[in-house]
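Visitor: Dumping the structure here so I can ask a few things about it.
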Amino acid sequence: MNLNQITLPALDVAASAAFYRTLGFRQIVATPSYARFECGDGGATFSVHAVAAVPPETGVVVYFEHEALDALVDELKGKGVVFTQDTTDQRWRWREARLRDPAGNVICLYWAGDNRRYPPWRIGDPTFRPATRTSPREL
């Protein structure tokens with residue numbers, strides 16, 4: 001099995017669609033009550049759908065990985081995107097920046113490199129390491 005699709009609630013689908021296009025996602029479906037987007041790498045998709053009210057804070061965070069995180073955040077700030085947390089190195093070896101979409105859903109833009117799937121504390125064979133991906137920043 002592979003996770004491919006997640007759907008987020010949206011109070012205003014048009015505003016949410018514009019927000020995700022600003023982040024750089026390609027919109028592939030557009031209706032008044034639903035919008036779907038492709039992620040640039042890996043073939044995954046996500047969507048937003050119209051709701052009358054967004055559920056209260058659930059603790060759910062949607063993560064989008066981008067290798068050139070700092071440059072992306074700077075570019076988005078230049079477009080007026082507001083972040084709730086600037087790029088920060090986390091103790092779990094990820095570099096993250098957080099923001100909210102127009103409906104208030106929490107979005108984390110991050111870069112983790114091999115630490116996303118192969119942190120030093122990974123369960124299993126500790127000697128297994130995939131081919132290292134080049135990182136713009138040593139974490």
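The way I read the labels, and the way they are meant: chains A, B, ... in the order of the structure tokens, residue 1 as the first residue of every chain, and ligand 1 as the first ligand shown, with later ones counted on from there.
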Excluding segment 14-18 of chain A and any residue of its chain fewer than 2 positions from it, enumerate the residues within 7 Å of it, using only C-alpha atoms, and give them as a CSV table (one decimal) with N, CA and C atoms, in the first residue's frame.

Guide:
chain,number,residue,atom,x,y,z
A,10,ALA,N,-12.2,22.8,3.4
A,10,ALA,CA,-12.0,24.2,3.0
A,10,ALA,C,-13.3,25.0,3.2
A,12,ASP,N,-13.6,28.0,1.9
A,12,ASP,CA,-13.7,28.7,0.6
A,12,ASP,C,-12.8,28.0,-0.4
A,20,TYR,N,-2.9,27.1,-2.6
A,20,TYR,CA,-2.1,25.9,-2.9
A,20,TYR,C,-1.4,26.1,-4.3
A,21,ARG,N,-2.0,26.8,-5.2
A,21,ARG,CA,-1.3,27.2,-6.4
A,21,ARG,C,-0.1,28.1,-6.1
A,22,THR,N,-0.3,29.0,-5.2
A,22,THR,CA,0.8,29.9,-4.8
A,22,THR,C,1.9,29.1,-4.2
A,35,ALA,N,-11.3,20.8,-5.2
A,35,ALA,CA,-10.1,21.1,-6.0
A,35,ALA,C,-9.1,20.0,-5.7
A,101,ASP,N,-3.3,27.1,6.0
A,101,ASP,CA,-4.0,27.5,4.7
A,101,ASP,C,-5.2,28.3,5.1
A,102,PRO,N,-6.0,28.8,4.1
A,102,PRO,CA,-7.1,29.7,4.4
A,102,PRO,C,-8.2,29.1,5.3

Visitor: How would you write, as a PyMOL selection string, the set of residues in segment 6-100 of chain A that DSSP gives as strand (DSSP E)?

Guide: chain A and resi 6-10+26-31+34-38+45-50+61-65+85-89+95-100

Visitor: Please identify all polymer residues within 7 Å of Gln27 of chain A, counting only C-alpha atoms, omitting same-chain residues fewer than 3 positions from it, and present them as a PyMOL selection string.

Guide: chain A and resi 21+36-38

Visitor: Write out the residues from the selection above, keeping all heavy atoms, as a PDB file, in the first residue's frame.

Guide:
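Result file is again-v1.pdb:
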ATOM      1  N   ARG A  21      -1.988  26.814  -5.180  1.00  0.00           N
ATOM      2  CA  ARG A  21      -1.295  27.156  -6.428  1.00  0.00           C
ATOM      3  C   ARG A  21      -0.123  28.097  -6.145  1.00  0.00           C
ATOM      4  O   ARG A  21       0.954  27.952  -6.728  1.00  0.00           O
ATOM      5  CB  ARG A  21      -2.267  27.789  -7.434  1.00  0.00           C
ATOM      6  CG  ARG A  21      -3.219  26.783  -8.069  1.00  0.00           C
ATOM      7  CD  ARG A  21      -3.976  27.377  -9.260  1.00  0.00           C
ATOM      8  NE  ARG A  21      -4.598  28.656  -8.979  1.00  0.00           N
ATOM      9  CZ  ARG A  21      -5.854  28.826  -8.553  1.00  0.00           C
ATOM     10  NH1 ARG A  21      -6.636  27.774  -8.371  1.00  0.00           N
ATOM     11  NH2 ARG A  21      -6.329  30.045  -8.340  1.00  0.00           N
ATOM     12  N   ARG A  36      -8.386  19.576  -6.703  1.00  0.00           N
ATOM     13  CA  ARG A  36      -7.362  18.544  -6.502  1.00  0.00           C
ATOM     14  C   ARG A  36      -6.062  19.012  -7.134  1.00  0.00           C
ATOM     15  O   ARG A  36      -6.054  19.669  -8.173  1.00  0.00           O
ATOM     16  CB  ARG A  36      -7.800  17.228  -7.121  1.00  0.00           C
ATOM     17  CG  ARG A  36      -6.890  16.066  -6.744  1.00  0.00           C
ATOM     18  CD  ARG A  36      -7.534  14.753  -7.086  1.00  0.00           C
ATOM     19  NE  ARG A  36      -6.714  13.669  -6.590  1.00  0.00           N
ATOM     20  CZ  ARG A  36      -6.980  12.396  -6.779  1.00  0.00           C
ATOM     21  NH1 ARG A  36      -8.058  12.035  -7.439  1.00  0.00           N
ATOM     22  NH2 ARG A  36      -6.177  11.473  -6.314  1.00  0.00           N
ATOM     23  N   PHE A  37      -4.930  18.622  -6.495  1.00  0.00           N
ATOM     24  CA  PHE A  37      -3.603  19.083  -6.888  1.00  0.00           C
ATOM     25  C   PHE A  37      -2.643  17.912  -6.989  1.00  0.00           C
ATOM     26  O   PHE A  37      -2.757  16.940  -6.254  1.00  0.00           O
ATOM     27  CB  PHE A  37      -3.056  20.064  -5.843  1.00  0.00           C
ATOM     28  CG  PHE A  37      -3.971  21.218  -5.595  1.00  0.00           C
ATOM     29  CD1 PHE A  37      -4.994  21.115  -4.666  1.00  0.00           C
ATOM     30  CD2 PHE A  37      -3.827  22.394  -6.303  1.00  0.00           C
ATOM     31  CE1 PHE A  37      -5.862  22.175  -4.446  1.00  0.00           C
ATOM     32  CE2 PHE A  37      -4.692  23.455  -6.098  1.00  0.00           C
ATOM     33  CZ  PHE A  37      -5.712  23.340  -5.165  1.00  0.00           C
ATOM     34  N   GLU A  38      -1.668  18.057  -7.883  1.00  0.00           N
ATOM     35  CA  GLU A  38      -0.557  17.115  -7.966  1.00  0.00           C
ATOM     36  C   GLU A  38       0.639  17.700  -7.237  1.00  0.00           C
ATOM     37  O   GLU A  38       0.926  18.897  -7.352  1.00  0.00           O
ATOM     38  CB  GLU A  38      -0.144  16.897  -9.429  1.00  0.00           C
ATOM     39  CG  GLU A  38      -1.076  16.032 -10.205  1.00  0.00           C
ATOM     40  CD  GLU A  38      -0.610  15.824 -11.637  1.00  0.00           C
ATOM     41  OE1 GLU A  38       0.057  16.711 -12.209  1.00  0.00           O
ATOM     42  OE2 GLU A  38      -0.941  14.769 -12.177  1.00  0.00           O
TER      43      GLU A  38
END

Visitor: I'd like the neighbourhood of Asn115 of chain A as a VMD selection string, where a residue qualifies if any of its atoms comes within 9 Å (using only C-alpha atoms), though same-chain residues fewer than 3 positions away should be ignored.

Guide: chain A and resid 92 to 94 112 118 to 120 139

Visitor: Excluding segment 50-63 of chain A and residues on its chain fewer than 5 positions from it, collect all residues at most 10 Å away from it, counting only C-alpha atoms, and give them as a VMD selection string.

Guide: chain A and resid 6 8 to 14 16 31 to 35 96 to 98 100 103 to 111

Visitor: If I take atom CA of Gly43 of chain A and atom CA of Leu23 of chain A, how far is one from the other in Å, to one decimal?

Guide: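 Going from atom CA of Gly43 of chain A over to atom CA of Leu23 of chain A, I get 16.7 Å.
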
Visitor: Can you tell me how far atom CA of Glu75 of chain A sits from atom CA of Asp89 of chain A, in Å to one decimal?

Guide: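 Result for atom CA of Glu75 of chain A versus atom CA of Asp89 of chain A: 19.0 Å, one decimal.
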
Visitor: How far is it from atom CA of Thr7 of chain A to atom CA of Ser47 of chain A, in Å with one decimal?

Guide: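 Taking atom CA of Thr7 of chain A as the start and atom CA of Ser47 of chain A as the end point, the length is 4.6 Å.
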
Visitor: Nearest residue to Phe83 of chain A out of A:Gly113, A:Leu99, A:Leu69, A:Arg26, using only C-alpha atoms?

Guide: A:Leu99
